Structures are given as structure tokens and as C-alpha cells.
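Enquirer: One structure, pasted below without further comment.
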Amino acid sequence: MDQKKSLSRRKFLGDAAAIGAIGALGVGAVVSSCSRRPTYVAPVFPDQAPDGRLLRAGVIGCGGRGTGAAINFLNSGPNLEIAALGDVFQHRLDRCRNELREKQNVEVPDDMCFTGFDAYRRVIDTNVDVVILCEPPYFRPASFEYAVQNRKHIFAEKPIGVDPVGIRQVMAAGRMAESAGLNVTAGTQRRHQRDYVKTFEMIKNGAIGDLVSANCYWNQSQLWFVRRQEGWTDMEAMLRDWVNWCWLSGDHIVEQHVHNIDVVNWFFEKRPVKALGFGGRHRRPTGDQYDFFSVDFTFDDERHMHSMCRQINGCTNNVSEIIFGTEGYTNAQNRIWDYDGNLIWEYQYPVGDDGQPTGSVAVSPYDQTHINLVTAIRTGDYINETQNVAEACMNAVMGRVSAYTGREVTWDEMMNSSMRLGPETMEMGSVDIPAEPPVPGSA
């Protein structure tokens, strides 16, 4: 390593610590201590989207996340409306509709509420300007493509697909959206979270030197599940319990851990090209998924990311990322350390009524994602996150396939794979999908 370069960066970090850059002064003070101006400045997000013409949104998928995303949209600025709702199940639509009425004083009329497997088309075919895609991930590629074809702006919850065919379908539709000037934001909300965004600015401007490797985790307790009831068909039972079925959710490495994978991709500014992993199932009561995964991802320059996720009760939990550089490391969210263990920078959170930092960003990243979408629509400051979220989802699928099979899986293999999960037809009847989890090394 060049000694002058090393000393310069060490002096920068040392000066930052000396002037109390662990929260009291914030990002600006740390950067100003450097002898050179940063080459990258993080975007400054608005607290609220600007006023403008009425924007009408349709929600596809009316479960908890769909209802939450509808409220996030309404919170994001003035002159916004939830105009249509769609879900396979009437009871989920009714619950969403009632919550919007009670919490937001929003009344969605009967003729703008749609149920069934074609509900997504019927919502998109209305005069909405924006579609909010929160249905089970299996259905998202078709909804996304149809929304683009009908010239709608999109918020798409993650993951945007569960298999290579579906993810490539979204990638292609995302390019169509760009050509049509349609704005797209995704449910990888850490990219809209102000502490993460400021930490990225620090890392991109050399605060820990050159990036070397990363670890990322989504280890939590058992997620919700729904046991099959008498009278339910295979399809109804699976849809009600969708988060435990691989063809509907992608397995939890895709459905949840994609957040952490996306953060590492973001900070490294590239995606892994191969994965070798393992996993297993011990305690999950329904579905066909694994309880845990451990995956070694490799980038094209031989740097590595270790990915770990688990959903088992009674274990140590950890949802985080850690990124190592040549001269320090970061938790990617709000802190940077040197290798002597010194905290050399900390994000400055807003101060509460008690005069102490609140420990949370000024605007929820869930709201901020919609603020940034509405702002882009109304100002012309274009945003399209399709490729980023699609790449993170494809990486998660790479890891899943490697763990399921026991062999190394590459990006090129996934990009050329004909793998498409799910049944041949969508109807409330029998589904020919085995309930047993995959056995690595058996095929």
C-alpha cells in the first residue's frame, strides 16, 4: 500500500475522532476534516413529497404489508388517494379496506374492489396512476409487467420474483419502464433510510479504505404460519400460508434476507457471480422451506460475502450487515470503527424532547420510499430501482438453489435457467407440489 495514501486516510480518520465525530458533529463535520472534498455526496431526501396533481394508487395484495404500504403512500405527501384494492381473498381485502377507513378516513368504493386471481389486472385497468404490488412474490412478475404495459408508476415490494424466469421478466419490464419514463421504487427500503445512505457516503469516500469482505445476517425467530383447515383446497391452504411455501415466497433467504444481500451489493457497487451454500430444516411446522441457510457468495474479483439467515425460536437473533475494509469496518447503518476497536464515526440522529438523540431517522424509510416515488413523479427527477432489487433477488435465488442442491451455482447459470416454480394453472383446487423440503446431493 502507498504509505502517503495510508497516512492521509489514517490522519483523516484520526482527526474525525479527535473532533468528536461520534455523533455530536455528524457527517458534515467528519468530511470537512479531510484535506480533499468528497467525490460523492449522498442525496438529501425530502421530508414530504411536493404538492401536485392528484395521484391515485391501486393496491394489489391486501395483507399486512399491502395495507402498510397503502398507508405509507398516503403519508408521503398531499393530494394522494388509494383508489382501488385487489386480492385473491375477500377477507383480506375487507380487512385492508376497514383499516384504511378507520386509520386514514379513506373509503374505497365497492366497484373499485376486486377479488380473484385476475384482481391485479382489474386494479391496473382502472384509472390509477400508481400501483402498489404487495401480493405473494410468486405473482409479482406478472403484475409488474402488466403495470408497465399499462403505463403505471410502481412501488414493488421485495422480492420481485421467486425464480430465474420471473426475475428476468421483471428485469425486462424494468427496462420497458425506463423507456416509458415510468418511476419504480422497491421494498428494499434501506436504500431510502437516511442513516444507511449517509454511511454509504462515508464508505464510498474512503472512510474504511478499499472494501475487502462482508457478512450479512437475518437470524430471527419462527415466522407466522397458518395450519390447513377442513374444507380448504391445496391452493387455498398454500395461499393462506404463503410465507412458508417456496413457490410462493422464494423461501426466507429470498423473501426476507434479500434486504441484507441488497445492502452489501449496494455498498460494493456490484453483485456476486457465484454462490456455495447449505441449509436445512428442523422445526418449521408447515410448508416445504428450510429453517436456515449459510451461503458463501463470491464477487467477480474474488472478494467474498458470507450470508446467514435462520427462522427458529429460542436462538440468538441478529439482523445486520458488517462490511470490512483495508483500514476499518462498518455496520453499514450508522457506525464506523478502526481495527483498534475505536469508534471513529457515528450517524447523528435527530434530538428528541429530552435533548437526547432519538436513535431513529427523522422519516421512516417505509414512508421515505413512497415520498421519493411521488417526488420523482411530480418533479421529473426520475427513479427506477428495478435492476438493483432484481439483482439482489437473483443472488438470493442463487444461494437458495446452491443450498437445496449442495453444489456451486453461478450468476450466468441463473440468467440462463428455465426454472419456474409453481403449478401449471391458478385455481382453487389441488396443487401437485410435494410438501417435502429439498435434500442436497440427491440430484
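Order determines the names: the first chain of the C-alpha cells is A, the second B, and so forth; residues in each chain are numbered 1 upward, and ligands are numbered 1 upward as they are shown.
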For segment 152-167 of chain A, work out the shell of residues within 7 Å, counting only C-alpha atoms and skipping chain neighbours fewer than 5 positions away, then give it as a PDB file with C-alpha atoms, in the first residue's frame.
Expert:
ATOM      1  CA  ASP A 129     -51.593   6.351 -11.700  1.00  0.00           C
ATOM      2  CA  VAL A 130     -49.558   4.179  -9.323  1.00  0.00           C
ATOM      3  CA  VAL A 131     -49.744   0.502  -8.434  1.00  0.00           C
ATOM      4  CA  ILE A 132     -48.552  -0.872  -5.102  1.00  0.00           C
ATOM      5  CA  LEU A 133     -47.512  -4.508  -5.561  1.00  0.00           C
ATOM      6  CA  CYS A 134     -47.678  -6.449  -2.285  1.00  0.00           C
ATOM      7  CA  PRO A 137     -43.947 -12.744  -4.511  1.00  0.00           C
ATOM      8  CA  TYR A 138     -44.769 -15.532  -6.972  1.00  0.00           C
ATOM      9  CA  ARG A 140     -45.257 -10.133  -8.706  1.00  0.00           C
ATOM     10  CA  PRO A 141     -43.544 -10.568 -12.116  1.00  0.00           C
ATOM     11  CA  ALA A 147     -48.430  -2.454 -14.840  1.00  0.00           C
ATOM     12  CA  LEU A 182     -42.267   5.234 -15.513  1.00  0.00           C
ATOM     13  CA  ASN A 183     -40.864   5.584 -11.996  1.00  0.00           C
ATOM     14  CA  VAL A 184     -40.236   2.469  -9.894  1.00  0.00           C
ATOM     15  CA  THR A 185     -39.268   2.105  -6.239  1.00  0.00           C
ATOM     16  CA  ALA A 186     -38.839  -1.159  -4.364  1.00  0.00           C
ATOM     17  CA  GLY A 187     -39.325  -2.534  -0.880  1.00  0.00           C
ATOM     18  CA  THR A 188     -35.569  -2.663  -0.250  1.00  0.00           C
ATOM     19  CA  TRP A 247     -43.056 -21.398  -4.888  1.00  0.00           C
ATOM     20  CA  SER A 249     -42.321 -16.770  -1.229  1.00  0.00           C
ATOM     21  CA  GLY A 250     -38.992 -17.953  -2.644  1.00  0.00           C
ATOM     22  CA  VAL A 254     -35.297 -14.649  -0.866  1.00  0.00           C
ATOM     23  CA  GLU A 255     -38.331 -13.257   0.949  1.00  0.00           C
ATOM     24  CA  ALA A 390     -33.826  -7.799  -9.294  1.00  0.00           C
ATOM     25  CA  CYS A 393     -33.293 -11.294  -5.643  1.00  0.00           C
ATOM     26  CA  MET A 394     -31.383 -13.319  -8.236  1.00  0.00           C
ATOM     27  CA  VAL A 397     -32.147 -17.415  -5.537  1.00  0.00           C
ATOM     28  CA  MET A 414     -29.373 -18.425 -13.155  1.00  0.00           C
ATOM     29  CA  MET A 415     -29.619 -15.931 -16.004  1.00  0.00           C
ATOM     30  CA  SER A 417     -32.090 -21.102 -16.251  1.00  0.00           C
ATOM     31  CA  SER A 418     -35.583 -22.227 -17.292  1.00  0.00           C
ATOM     32  CA  MET A 419     -36.538 -22.787 -13.623  1.00  0.00           C
ATOM     33  CA  ARG A 420     -40.086 -21.624 -13.000  1.00  0.00           C
ATOM     34  CA  LEU A 421     -41.786 -22.501  -9.732  1.00  0.00           C
TER      35      LEU A 421
END
Enquirer: What lies within 10 Å of Glu436 of chain A using only C-alpha atoms, ignoring chain neighbours under 6 positions off, as a PyMOL selection string?
Expert: chain A and resi 287-289
Enquirer: Which is closest to Ile323 of chain A among A:Asn265, A:Asn372, A:Phe299, A:Arg240, if we use only C-alpha atoms?
Expert: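 Closest to Ile323 of chain A, using only C-alpha atoms: A:Asn265.
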Enquirer: Figure out the distance between atom CA of Ile208 of chain A and atom CA of Ile336 of chain A, please, to one decimal in Å.
Expert: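 So the answer is 7.7 Å.
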Enquirer: For atom CA of Arg151 of chain A and atom CA of Asp51 of chain A, quote the distance in Å rounded to one decimal.
Expert: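 The value is 21.6 Å.
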Enquirer: Might you pull out every residue within 10 Å of Glu391 of chain A, with only C-alpha atoms counted and same-chain residues fewer than 4 positions away left off, and present them as number ranges by chain?
Expert: A: 160, 167-168, 171, 258, 261-262, 265, 270-272, 386-387, 395-397, 411
Enquirer: Produce a file of the selected residues containing N, CA and C atoms, as a compact mmCIF listing (two decimals), in the first residue's frame.
Expert:
# COMPACT_ATOMS: atom_id res chain seq x y z
N ILE A 160 -39.06 -9.40 -5.89
CA ILE A 160 -39.86 -9.16 -7.10
C ILE A 160 -40.05 -10.44 -7.91
N ILE A 167 -37.78 -13.38 -12.33
CA ILE A 167 -36.89 -12.24 -12.10
C ILE A 167 -36.43 -11.64 -13.42
N ARG A 168 -36.13 -12.47 -14.40
CA ARG A 168 -35.75 -11.92 -15.71
C ARG A 168 -36.93 -11.20 -16.36
N MET A 171 -36.81 -7.81 -14.85
CA MET A 171 -35.69 -7.05 -15.41
C MET A 171 -36.07 -6.45 -16.76
N VAL A 258 -33.07 -11.05 1.46
CA VAL A 258 -32.71 -10.23 0.30
C VAL A 258 -32.39 -8.79 0.72
N ILE A 261 -28.64 -8.84 1.62
CA ILE A 261 -27.86 -9.07 0.40
C ILE A 261 -27.83 -7.81 -0.44
N ASP A 262 -28.97 -7.13 -0.52
CA ASP A 262 -29.04 -5.90 -1.30
C ASP A 262 -28.13 -4.81 -0.72
N ASN A 265 -24.57 -5.60 -1.82
CA ASN A 265 -24.45 -5.27 -3.24
C ASN A 265 -24.33 -3.76 -3.44
N LYS A 270 -21.60 -3.77 -6.81
CA LYS A 270 -21.60 -4.91 -7.74
C LYS A 270 -22.33 -6.06 -7.09
N ARG A 271 -22.55 -7.12 -7.84
CA ARG A 271 -23.27 -8.29 -7.35
C ARG A 271 -22.38 -9.52 -7.40
N PRO A 272 -22.58 -10.48 -6.50
CA PRO A 272 -21.82 -11.73 -6.57
C PRO A 272 -22.10 -12.50 -7.86
N THR A 386 -35.54 -1.00 -10.35
CA THR A 386 -35.83 -2.38 -10.76
C THR A 386 -34.59 -3.25 -10.80
N GLN A 387 -33.53 -2.78 -11.45
CA GLN A 387 -32.36 -3.62 -11.64
C GLN A 387 -31.69 -3.96 -10.31
N ASN A 395 -29.48 -13.03 -6.73
CA ASN A 395 -28.42 -13.54 -5.85
C ASN A 395 -29.00 -14.42 -4.76
N ALA A 396 -30.11 -14.00 -4.17
CA ALA A 396 -30.75 -14.81 -3.13
C ALA A 396 -31.22 -16.16 -3.69
N VAL A 397 -31.76 -16.16 -4.89
CA VAL A 397 -32.15 -17.42 -5.54
C VAL A 397 -30.92 -18.29 -5.78
N TRP A 411 -24.08 -16.96 -11.39
CA TRP A 411 -24.99 -15.94 -11.93
C TRP A 411 -25.40 -16.29 -13.36
Enquirer: Which of these, A:Phe267, A:Tyr196, A:Trp345, A:Phe292, has the shortest distance to Pro43 of chain A once you count only C-alpha atoms?
Expert: A:Tyr196
Enquirer: Would you give me, as a ChimeraX atom specification, the residues in segment 292-405 of chain A that DSSP reads as helix (DSSP H, G or I)?
Expert: /A:365-379,386-405
Enquirer: Restricted to C-alpha atoms, what would the selected residues look like written as a CSV table (one decimal), in the first residue's frame?
Expert:
chain,number,residue,atom,x,y,z
A,365,PRO,CA,-37.7,4.5,5.5
A,366,TYR,CA,-41.1,2.9,4.6
A,367,ASP,CA,-42.6,6.3,4.2
A,368,GLN,CA,-39.5,7.7,2.6
A,369,THR,CA,-39.6,5.1,-0.2
A,370,HIS,CA,-43.0,6.5,-1.2
A,371,ILE,CA,-42.0,10.1,-0.7
A,372,ASN,CA,-39.2,9.6,-3.1
A,373,LEU,CA,-41.5,7.9,-5.6
A,374,VAL,CA,-44.1,10.6,-5.5
A,375,THR,CA,-41.4,13.3,-5.6
A,376,ALA,CA,-40.0,11.7,-8.8
A,377,ILE,CA,-43.4,11.5,-10.5
A,378,ARG,CA,-44.1,15.2,-9.6
A,379,THR,CA,-40.7,16.7,-10.3
A,386,THR,CA,-35.8,-2.4,-10.8
A,387,GLN,CA,-32.4,-3.6,-11.6
A,388,ASN,CA,-31.0,-3.3,-8.1
A,389,VAL,CA,-33.8,-5.2,-6.5
A,390,ALA,CA,-33.8,-7.8,-9.3
A,391,GLU,CA,-30.1,-8.5,-8.9
A,392,ALA,CA,-30.4,-8.9,-5.2
A,393,CYS,CA,-33.3,-11.3,-5.6
A,394,MET,CA,-31.4,-13.3,-8.2
A,395,ASN,CA,-28.4,-13.5,-5.9
A,396,ALA,CA,-30.7,-14.8,-3.1
A,397,VAL,CA,-32.1,-17.4,-5.5
A,398,MET,CA,-28.6,-18.4,-6.4
A,399,GLY,CA,-28.0,-19.1,-2.7
A,400,ARG,CA,-31.2,-21.0,-2.3
A,401,VAL,CA,-30.5,-23.2,-5.2
A,402,SER,CA,-27.0,-23.9,-4.0
A,403,ALA,CA,-28.2,-24.9,-0.5
A,404,TYR,CA,-31.1,-27.0,-1.9
A,405,THR,CA,-28.7,-28.9,-4.3
Enquirer: Measure the distance from atom CA of Val123 of chain A to atom CA of Asp241 of chain A in Å and round it to one decimal.
Expert: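 Straight-line distance from atom CA of Val123 of chain A to atom CA of Asp241 of chain A works out to 23.7 Å.
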Enquirer: Go through A:Asp87, A:Glu385, A:Glu145, A:Glu269 one by one, measure the shortest atom-to-atom distance of each to Arg122 of chain A using only C-alpha atoms, and give the residue with the smallest value.
Expert: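 For Arg122 of chain A, the nearest of the candidates is A:Asp87.
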Enquirer: Using only C-alpha atoms, which residue out of A:Arg97, A:Arg175, A:Arg92, A:Arg303 lies closest to Phe324 of chain A?
Expert: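 For Phe324 of chain A, the nearest of the candidates is A:Arg303.
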Enquirer: Which residues are near Asn317 of chain A? Cut-off 8 Å, only C-alpha atoms, ignore same chain within fewer than 5 positions. Put them as a CSV table (one decimal) with C-alpha atoms, in the first residue's frame.
Expert:
chain,number,residue,atom,x,y,z
A,218,TRP,CA,-31.2,-12.2,9.1
A,219,ASN,CA,-31.5,-14.6,12.0
A,220,GLN,CA,-34.8,-14.4,13.8
A,221,SER,CA,-37.5,-16.4,15.5
Enquirer: Which residue gives the smallest distance to Gln48 of chain A among A:Ala362, A:Ile60, A:Ala172, A:Ala237, with only C-alpha atoms counted?
Expert: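 Checking each of A:Ala362, A:Ile60, A:Ala172, A:Ala237 against Gln48 of chain A, counting only C-alpha atoms, the winner is A:Ala362.
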Enquirer: Give me, as an MDAnalysis selection string, all polymer residues having an atom no more than 10 Å from Val363 of chain A, counting only C-alpha atoms and skipping those fewer than 6 positions away in the same chain.
Expert: chainID A and resid 45:48 76 192:194 369 371
Enquirer: Mind the document's chain letters and residue numbers, and return as a ChimeraX atom specification the residues of segment 177-375 of chain A that DSSP labels strand (DSSP E).
Expert: /A:184-186,211-220,274-280,292-298,304-311,318-325,329-330,335-337,343-346
Enquirer: Rank nothing, just name the residue among A:Leu239, A:Leu248, A:Val226, A:Val273 nearest to Gly116 of chain A, using only C-alpha atoms.
Expert: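 Result for the nearest residue to Gly116 of chain A: A:Leu239.
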